[in-house]
$ cat work-v7.pdb   # PDB, C-alpha atoms
ATOM      1  CA  MET C   1     181.619  27.324 -52.909  1.00  0.00           C
ATOM      2  CA  MET C   2     181.729  28.452 -49.278  1.00  0.00           C
ATOM      3  CA  SER C   3     179.580  26.487 -46.809  1.00  0.00           C
ATOM      4  CA  THR C   4     176.913  28.277 -44.785  1.00  0.00           C
ATOM      5  CA  ASN C   5     179.015  27.883 -41.648  1.00  0.00           C
ATOM      6  CA  ASP C   6     182.156  29.223 -43.390  1.00  0.00           C
ATOM      7  CA  ALA C   7     180.182  32.195 -44.740  1.00  0.00           C
ATOM      8  CA  ARG C   8     178.723  32.900 -41.299  1.00  0.00           C
ATOM      9  CA  GLN C   9     182.195  32.780 -39.727  1.00  0.00           C
ATOM     10  CA  ALA C  10     183.638  35.095 -42.381  1.00  0.00           C
ATOM     11  CA  VAL C  11     180.878  37.656 -41.819  1.00  0.00           C
ATOM     12  CA  LEU C  12     181.250  37.394 -38.037  1.00  0.00           C
ATOM     13  CA  GLN C  13     185.001  38.024 -38.295  1.00  0.00           C
ATOM     14  CA  GLN C  14     184.306  41.056 -40.446  1.00  0.00           C
ATOM     15  CA  ALA C  15     181.687  42.255 -37.935  1.00  0.00           C
ATOM     16  CA  ARG C  16     184.272  42.323 -35.153  1.00  0.00           C
ATOM     17  CA  ARG C  17     186.188  44.964 -37.115  1.00  0.00           C
ATOM     18  CA  CYS C  18     183.159  47.135 -37.957  1.00  0.00           C
ATOM     19  CA  SER C  19     181.171  49.952 -36.445  1.00  0.00           C
ATOM     20  CA  PRO C  20     177.708  49.216 -35.012  1.00  0.00           C
ATOM     21  CA  ARG C  21     176.058  50.585 -38.176  1.00  0.00           C
ATOM     22  CA  LYS C  22     178.084  48.241 -40.330  1.00  0.00           C
ATOM     23  CA  ILE C  23     177.180  45.363 -38.014  1.00  0.00           C
ATOM     24  CA  ALA C  24     173.522  45.917 -38.924  1.00  0.00           C
ATOM     25  CA  THR C  25     174.381  45.611 -42.603  1.00  0.00           C
ATOM     26  CA  LEU C  26     176.519  42.533 -41.970  1.00  0.00           C
ATOM     27  CA  SER C  27     173.668  40.978 -39.998  1.00  0.00           C
ATOM     28  CA  ILE C  28     171.506  41.260 -43.070  1.00  0.00           C
ATOM     29  CA  ALA C  29     174.182  39.431 -45.073  1.00  0.00           C
ATOM     30  CA  ILE C  30     174.219  36.621 -42.520  1.00  0.00           C
ATOM     31  CA  ALA C  31     170.451  36.387 -42.681  1.00  0.00           C
ATOM     32  CA  ALA C  32     170.637  35.977 -46.437  1.00  0.00           C
ATOM     33  CA  VAL C  33     173.144  33.135 -46.012  1.00  0.00           C
ATOM     34  CA  LEU C  34     170.984  31.459 -43.392  1.00  0.00           C
ATOM     35  CA  LEU C  35     167.783  31.938 -45.374  1.00  0.00           C
ATOM     36  CA  SER C  36     169.279  30.341 -48.447  1.00  0.00           C
ATOM     37  CA  GLY C  37     169.064  26.979 -46.700  1.00  0.00           C
ATOM     38  CA  CYS C  38     165.697  27.419 -44.970  1.00  0.00           C
ATOM     39  CA  THR C  39     162.680  25.774 -46.563  1.00  0.00           C
ATOM     40  CA  THR C  40     160.552  24.506 -43.697  1.00  0.00           C
ATOM     41  CA  THR C  41     157.835  26.515 -42.048  1.00  0.00           C
ATOM     42  CA  ALA C  42     155.804  26.126 -38.888  1.00  0.00           C
ATOM     43  CA  LYS C  43     152.021  26.278 -39.246  1.00  0.00           C
ATOM     44  CA  THR C  44     150.727  27.487 -35.873  1.00  0.00           C
ATOM     45  CA  ALA C  45     151.912  29.888 -33.215  1.00  0.00           C
ATOM     46  CA  SER C  46     153.573  28.161 -30.307  1.00  0.00           C
ATOM     47  CA  PRO C  47     152.558  29.227 -26.790  1.00  0.00           C
ATOM     48  CA  SER C  48     155.824  31.142 -26.400  1.00  0.00           C
ATOM     49  CA  THR C  49     155.158  33.291 -29.495  1.00  0.00           C
ATOM     50  CA  GLU C  50     151.508  34.157 -28.776  1.00  0.00           C
ATOM     51  CA  GLN C  51     152.299  37.794 -27.976  1.00  0.00           C
ATOM     52  CA  LEU C  52     154.920  38.341 -30.680  1.00  0.00           C
ATOM     53  CA  THR C  53     154.001  40.004 -33.962  1.00  0.00           C
ATOM     54  CA  ILE C  54     156.076  41.635 -36.670  1.00  0.00           C
ATOM     55  CA  GLU C  55     154.441  44.956 -35.800  1.00  0.00           C
ATOM     56  CA  ARG C  56     155.556  44.575 -32.175  1.00  0.00           C
ATOM     57  CA  LEU C  57     159.083  43.540 -33.238  1.00  0.00           C
ATOM     58  CA  LEU C  58     159.335  46.719 -35.315  1.00  0.00           C
ATOM     59  CA  THR C  59     157.781  49.176 -32.864  1.00  0.00           C
ATOM     60  CA  ALA C  60     158.321  48.090 -29.237  1.00  0.00           C
ATOM     61  CA  PRO C  61     162.114  48.653 -29.276  1.00  0.00           C
ATOM     62  CA  LEU C  62     161.564  52.217 -30.506  1.00  0.00           C
ATOM     63  CA  SER C  63     159.902  53.024 -27.173  1.00  0.00           C
ATOM     64  CA  GLY C  64     163.275  52.568 -25.473  1.00  0.00           C
ATOM     65  CA  ILE C  65     165.329  49.946 -23.677  1.00  0.00           C
ATOM     66  CA  GLU C  66     162.301  48.480 -21.848  1.00  0.00           C
ATOM     67  CA  GLY C  67     160.574  47.859 -25.184  1.00  0.00           C
ATOM     68  CA  ARG C  68     163.689  46.218 -26.574  1.00  0.00           C
ATOM     69  CA  ASN C  69     164.036  44.115 -23.425  1.00  0.00           C
ATOM     70  CA  SER C  70     160.426  42.914 -23.679  1.00  0.00           C
ATOM     71  CA  ILE C  71     160.991  41.793 -27.281  1.00  0.00           C
ATOM     72  CA  GLN C  72     164.289  40.172 -26.366  1.00  0.00           C
ATOM     73  CA  SER C  73     162.651  38.297 -23.447  1.00  0.00           C
ATOM     74  CA  ALA C  74     159.804  37.083 -25.666  1.00  0.00           C
ATOM     75  CA  LEU C  75     162.248  35.828 -28.304  1.00  0.00           C
ATOM     76  CA  ILE C  76     164.440  34.160 -25.667  1.00  0.00           C
ATOM     77  CA  GLN C  77     161.355  32.369 -24.380  1.00  0.00           C
ATOM     78  CA  ALA C  78     160.155  31.456 -27.891  1.00  0.00           C
ATOM     79  CA  TYR C  79     163.507  29.924 -28.758  1.00  0.00           C
ATOM     80  CA  GLY C  80     164.014  28.272 -25.367  1.00  0.00           C
ATOM     81  CA  ILE C  81     167.348  29.957 -24.715  1.00  0.00           C
ATOM     82  CA  LYS C  82     168.785  28.918 -21.357  1.00  0.00           C
ATOM     83  CA  ASP C  83     171.689  31.395 -21.183  1.00  0.00           C
ATOM     84  CA  PRO C  84     170.776  34.804 -22.678  1.00  0.00           C
ATOM     85  CA  GLN C  85     174.258  36.095 -21.827  1.00  0.00           C
ATOM     86  CA  SER C  86     175.844  33.928 -24.536  1.00  0.00           C
ATOM     87  CA  LYS C  87     175.650  34.220 -28.302  1.00  0.00           C
ATOM     88  CA  HIS C  88     172.811  32.236 -29.833  1.00  0.00           C
ATOM     89  CA  ILE C  89     171.835  31.601 -33.462  1.00  0.00           C
ATOM     90  CA  ASP C  90     168.814  29.420 -34.193  1.00  0.00           C
ATOM     91  CA  ASN C  91     167.307  28.834 -37.616  1.00  0.00           C
ATOM     92  CA  GLN C  92     164.317  26.809 -36.478  1.00  0.00           C
ATOM     93  CA  PRO C  93     161.107  28.430 -37.746  1.00  0.00           C
ATOM     94  CA  ARG C  94     158.706  30.035 -35.280  1.00  0.00           C
ATOM     95  CA  THR C  95     155.220  31.207 -36.214  1.00  0.00           C
ATOM     96  CA  LEU C  96     154.154  34.423 -34.531  1.00  0.00           C
ATOM     97  CA  ALA C  97     150.699  35.406 -33.295  1.00  0.00           C
ATOM     98  CA  ASP C  98     150.079  37.291 -36.557  1.00  0.00           C
ATOM     99  CA  ARG C  99     150.981  34.139 -38.576  1.00  0.00           C
ATOM    100  CA  HIS C 100     154.238  35.615 -39.869  1.00  0.00           C
ATOM    101  CA  ILE C 101     157.140  33.202 -39.614  1.00  0.00           C
ATOM    102  CA  LEU C 102     160.595  33.866 -38.228  1.00  0.00           C
ATOM    103  CA  SER C 103     163.129  31.608 -39.933  1.00  0.00           C
ATOM    104  CA  MET C 104     166.132  32.686 -37.862  1.00  0.00           C
ATOM    105  CA  PHE C 105     166.925  34.340 -34.545  1.00  0.00           C
ATOM    106  CA  TRP C 106     170.359  35.731 -33.663  1.00  0.00           C
ATOM    107  CA  LEU C 107     171.057  36.987 -30.148  1.00  0.00           C
ATOM    108  CA  GLU C 108     174.389  38.686 -29.551  1.00  0.00           C
ATOM    109  CA  PRO C 109     175.022  39.610 -25.898  1.00  0.00           C
ATOM    110  CA  PRO C 110     177.139  42.585 -24.764  1.00  0.00           C
ATOM    111  CA  PRO C 111     179.442  44.067 -25.846  1.00  0.00           C
ATOM    112  CA  ALA C 112     177.842  43.756 -29.329  1.00  0.00           C
ATOM    113  CA  ASP C 113     174.359  43.621 -27.721  1.00  0.00           C
ATOM    114  CA  PHE C 114     171.905  43.160 -30.591  1.00  0.00           C
ATOM    115  CA  LEU C 115     169.224  40.809 -31.800  1.00  0.00           C
ATOM    116  CA  SER C 116     168.161  39.982 -35.326  1.00  0.00           C
ATOM    117  CA  VAL C 117     165.424  37.917 -36.913  1.00  0.00           C
ATOM    118  CA  ALA C 118     164.813  36.731 -40.454  1.00  0.00           C
ATOM    119  CA  VAL C 119     161.205  36.895 -41.648  1.00  0.00           C
ATOM    120  CA  GLU C 120     159.766  34.497 -44.218  1.00  0.00           C
ATOM    121  CA  PRO C 121     158.364  36.291 -47.290  1.00  0.00           C
ATOM    122  CA  GLU C 122     154.995  34.504 -47.011  1.00  0.00           C
ATOM    123  CA  PRO C 123     152.834  35.835 -45.553  1.00  0.00           C
ATOM    124  CA  CYS C 124     154.287  39.161 -46.589  1.00  0.00           C
ATOM    125  CA  PHE C 125     154.638  41.979 -44.062  1.00  0.00           C
ATOM    126  CA  SER C 126     154.654  44.916 -46.464  1.00  0.00           C
ATOM    127  CA  ILE C 127     157.449  47.449 -46.503  1.00  0.00           C
ATOM    128  CA  GLU C 128     154.870  50.238 -46.792  1.00  0.00           C
ATOM    129  CA  ARG C 129     153.314  49.132 -43.503  1.00  0.00           C
ATOM    130  CA  ALA C 130     156.730  48.838 -41.826  1.00  0.00           C
ATOM    131  CA  LEU C 131     157.655  52.345 -42.998  1.00  0.00           C
ATOM    132  CA  ARG C 132     154.336  53.789 -41.719  1.00  0.00           C
ATOM    133  CA  LEU C 133     154.808  52.138 -38.325  1.00  0.00           C
ATOM    134  CA  THR C 134     158.438  53.167 -37.820  1.00  0.00           C
ATOM    135  CA  GLN C 135     158.977  56.268 -39.997  1.00  0.00           C
ATOM    136  CA  ALA C 136     162.277  54.621 -40.964  1.00  0.00           C
ATOM    137  CA  LYS C 137     164.644  56.230 -43.438  1.00  0.00           C
ATOM    138  CA  PRO C 138     166.902  54.534 -46.012  1.00  0.00           C
ATOM    139  CA  HIS C 139     170.073  53.146 -44.431  1.00  0.00           C
ATOM    140  CA  THR C 140     172.161  54.962 -47.035  1.00  0.00           C
ATOM    141  CA  GLU C 141     171.264  57.636 -49.565  1.00  0.00           C
ATOM    142  CA  GLN C 142     172.488  55.562 -52.487  1.00  0.00           C
ATOM    143  CA  GLN C 143     171.021  52.066 -52.228  1.00  0.00           C
ATOM    144  CA  PRO C 144     171.742  49.632 -55.041  1.00  0.00           C
ATOM    145  CA  PRO C 145     168.873  47.962 -56.931  1.00  0.00           C
ATOM    146  CA  GLY C 146     167.292  44.980 -55.178  1.00  0.00           C
ATOM    147  CA  ALA C 147     166.857  44.563 -51.446  1.00  0.00           C
ATOM    148  CA  LYS C 148     166.844  47.807 -49.458  1.00  0.00           C
ATOM    149  CA  THR C 149     167.610  48.534 -45.802  1.00  0.00           C
ATOM    150  CA  TYR C 150     165.845  51.115 -43.617  1.00  0.00           C
ATOM    151  CA  ASP C 151     166.668  52.455 -40.137  1.00  0.00           C
ATOM    152  CA  ALA C 152     164.358  53.864 -37.480  1.00  0.00           C
ATOM    153  CA  ILE C 153     166.066  55.536 -34.505  1.00  0.00           C
ATOM    154  CA  ARG C 154     164.179  56.695 -31.401  1.00  0.00           C
ATOM    155  CA  ASN C 155     164.646  56.738 -27.634  1.00  0.00           C
ATOM    156  CA  GLY C 156     168.202  55.426 -27.851  1.00  0.00           C
ATOM    157  CA  MET C 157     167.267  52.394 -29.954  1.00  0.00           C
ATOM    158  CA  MET C 158     167.708  51.519 -33.624  1.00  0.00           C
ATOM    159  CA  VAL C 159     165.485  49.136 -35.565  1.00  0.00           C
ATOM    160  CA  SER C 160     166.774  48.297 -39.037  1.00  0.00           C
ATOM    161  CA  PHE C 161     164.876  46.200 -41.497  1.00  0.00           C
ATOM    162  CA  SER C 162     165.564  44.995 -44.981  1.00  0.00           C
ATOM    163  CA  THR C 163     163.320  44.133 -47.881  1.00  0.00           C
ATOM    164  CA  THR C 164     162.957  41.090 -50.028  1.00  0.00           C
ATOM    165  CA  PRO C 165     164.711  41.513 -53.406  1.00  0.00           C
ATOM    166  CA  GLY C 166     161.431  42.699 -54.944  1.00  0.00           C
ATOM    167  CA  GLU C 167     161.294  45.431 -52.245  1.00  0.00           C
ATOM    168  CA  LYS C 168     157.745  44.493 -51.194  1.00  0.00           C
ATOM    169  CA  CYS C 169     158.139  42.563 -47.925  1.00  0.00           C
ATOM    170  CA  VAL C 170     160.195  42.777 -44.745  1.00  0.00           C
ATOM    171  CA  SER C 171     162.826  40.039 -44.796  1.00  0.00           C
ATOM    172  CA  PHE C 172     165.038  40.858 -41.819  1.00  0.00           C
ATOM    173  CA  ILE C 173     164.800  42.922 -38.611  1.00  0.00           C
ATOM    174  CA  HIS C 174     167.845  44.043 -36.606  1.00  0.00           C
ATOM    175  CA  ILE C 175     167.495  45.686 -33.163  1.00  0.00           C
ATOM    176  CA  GLU C 176     170.249  47.398 -31.154  1.00  0.00           C
ATOM    177  CA  ARG C 177     171.025  50.482 -29.125  1.00  0.00           C
ATOM    178  CA  ASP C 178     171.712  53.601 -31.138  1.00  0.00           C
ATOM    179  CA  ARG C 179     175.397  54.199 -30.494  1.00  0.00           C
TER     180      ARG C 179
END
$ encode --input "work-v7.pdb" --output "structure tokens"
Amino acid sequence: MMSTNDARQAVLQQARRCSPRKIATLSIAIAAVLLSGCTTTAKTASPSTEQLTIERLLTAPLSGIEGRNSIQSALIQAYGIKDPQSKHIDNQPRTLADRHILSMFWLEPPPADFLSVAVEPEPCFSIERALRLTQAKPHTEQQPPGAKTYDAIRNGMMVSFSTTPGEKCVSFIHIERDR
């Protein structure tokens, strides 16, 4: 069986050979690998996550680069990142202002230039609510049974999110420029 680190490295190597759209899909695969080992949760919002909510993570980037930058800055602060120009993956849980829990944060600086977060399934942020907020469309026309991925593209930004296997809750959010 492949270790979590080996799996992460394999997916990252594959990502270097893929288009930006495929990177979003690969990011979801990495989140699944990382989530498979996460079982701890934080109980209260830390001061650095007081203004972050799942709704804001899904919608602010769709207002344009400034919205994405505000989310990125808030996540950098929440995770205590000293050098935002270097790659950073952190799977320490962070509780947001809306009590939803991020179980992983991945910051990829330029040239890849994206950020991704994994969302704990409890409390559930419903897919119906995420779709209403973003007007996202399925990532591909033919999605296999199980977890689904949706993309919302506006103002030069793309927000992708995936569902839990039961397709009821948001499990992962990926934010990047629409290229």
$ residues_near_point --input "work-v7.pdb" --point "(164.2, 36.9, -24.8)" --cutoff "12 Å" --atoms "only C-alpha atoms" --output "ChimeraX atom specification"
/C:48-49,52,57,67-85,88,105-109,114-116
$ resolve_selection --input "work-v7.pdb" --expression "the PyMOL selection byres ((chain C and resi 91) around 6)" --output "CSV table (one decimal) with C-alpha atoms, in the frame of the given file"
chain,number,residue,atom,x,y,z
C,90,ASP,CA,168.8,29.4,-34.2
C,92,GLN,CA,164.3,26.8,-36.5
C,103,SER,CA,163.1,31.6,-39.9
C,104,MET,CA,166.1,32.7,-37.9
$ residues_around --input "work-v7.pdb" --residues "stretch 149-151 of chain C" --least-positions-apart "5" --cutoff "6 Å" --atoms "only C-alpha atoms" --output "VMD selection string"
chain C and resid 136 to 139 159 to 162
$ axis_aligned_box --input "work-v7.pdb" --around "stretch 77-82 of chain C" --padding-each-side "4 Å" --output "lines of an AutoDock Vina configuration file"
center_x = 164.5
center_y = 30.3
center_z = -25.1
size_x = 16.6
size_y = 12.1
size_z = 15.4
$ resolve_selection --input "work-v7.pdb" --expression "the PyMOL selection byres ((chain C and resi 134) around 7)" --output "number ranges by chain"
C: 58-59, 130-133, 135-136, 152
$ residues_around --input "work-v7.pdb" --residues "C:Ala147" --least-positions-apart "4" --cutoff "8 Å" --atoms "all atoms listed in the file" --output "list in words"
Ser162, Thr163, Thr164, Pro165, Gly166 and Glu167 of chain C
$ resolve_selection --input "work-v7.pdb" --expression "the PyMOL selection byres ((chain C and resi 177) around 6)" --output "list of chain:residue names"
C:Gly156, C:Met157, C:Met158, C:Glu176, C:Asp178, C:Arg179
$ closest_residue --input "work-v7.pdb" --among "C:Pro145, C:Val117, C:Thr95, C:Thr140" --to "C:His174" --atoms "only C-alpha atoms"
C:Val117
$ atom_distance --input "work-v7.pdb" --atom1 "atom CA of C:Ala97" --atom2 "atom CA of C:Lys148"
26.0 Å
$ residues_around --input "work-v7.pdb" --residues "C:Phe125" --least-positions-apart "6" --cutoff "8 Å" --atoms "all atoms listed in the file" --output "list in words"
Ile54, His100, Cys169 and Val170 of chain C
$ build_atoms --input "work-v7.pdb" --residues "stretch 100-115 of chain C" --atoms "N, CA and C atoms" --output "compact mmCIF listing (two decimals), in the coordinates of the input"
# COMPACT_ATOMS: atom_id res chain seq x y z
N HIS C 100 152.97 35.43 -39.18
CA HIS C 100 154.24 35.62 -39.87
C HIS C 100 155.24 34.64 -39.26
N ILE C 101 156.21 34.24 -40.05
CA ILE C 101 157.14 33.20 -39.61
C ILE C 101 158.55 33.75 -39.54
N LEU C 102 159.18 33.54 -38.38
CA LEU C 102 160.60 33.87 -38.23
C LEU C 102 161.37 32.62 -38.62
N SER C 103 162.34 32.77 -39.51
CA SER C 103 163.13 31.61 -39.93
C SER C 103 164.50 31.58 -39.29
N MET C 104 164.83 32.63 -38.54
CA MET C 104 166.13 32.69 -37.86
C MET C 104 166.08 33.72 -36.75
N PHE C 105 166.77 33.40 -35.65
CA PHE C 105 166.92 34.34 -34.54
C PHE C 105 168.39 34.35 -34.15
N TRP C 106 168.96 35.56 -34.05
CA TRP C 106 170.36 35.73 -33.66
C TRP C 106 170.38 36.67 -32.48
N LEU C 107 170.89 36.19 -31.35
CA LEU C 107 171.06 36.99 -30.15
C LEU C 107 172.54 37.15 -29.90
N GLU C 108 172.98 38.37 -29.82
CA GLU C 108 174.39 38.69 -29.55
C GLU C 108 174.43 39.49 -28.26
N PRO C 109 174.98 38.90 -27.18
CA PRO C 109 175.02 39.61 -25.90
C PRO C 109 176.06 40.73 -25.92
N PRO C 110 176.11 41.54 -24.84
CA PRO C 110 177.14 42.58 -24.76
C PRO C 110 178.53 41.96 -24.92
N PRO C 111 179.48 42.64 -25.52
CA PRO C 111 179.44 44.07 -25.85
C PRO C 111 178.72 44.40 -27.15
N ALA C 112 178.54 43.44 -28.08
CA ALA C 112 177.84 43.76 -29.33
C ALA C 112 176.38 44.12 -29.04
N ASP C 113 175.69 43.33 -28.24
CA ASP C 113 174.36 43.62 -27.72
C ASP C 113 173.34 43.96 -28.80
N PHE C 114 172.97 42.97 -29.62
CA PHE C 114 171.90 43.16 -30.59
C PHE C 114 171.13 41.87 -30.76
N LEU C 115 169.98 41.98 -31.41
CA LEU C 115 169.22 40.81 -31.80
C LEU C 115 168.71 41.03 -33.21
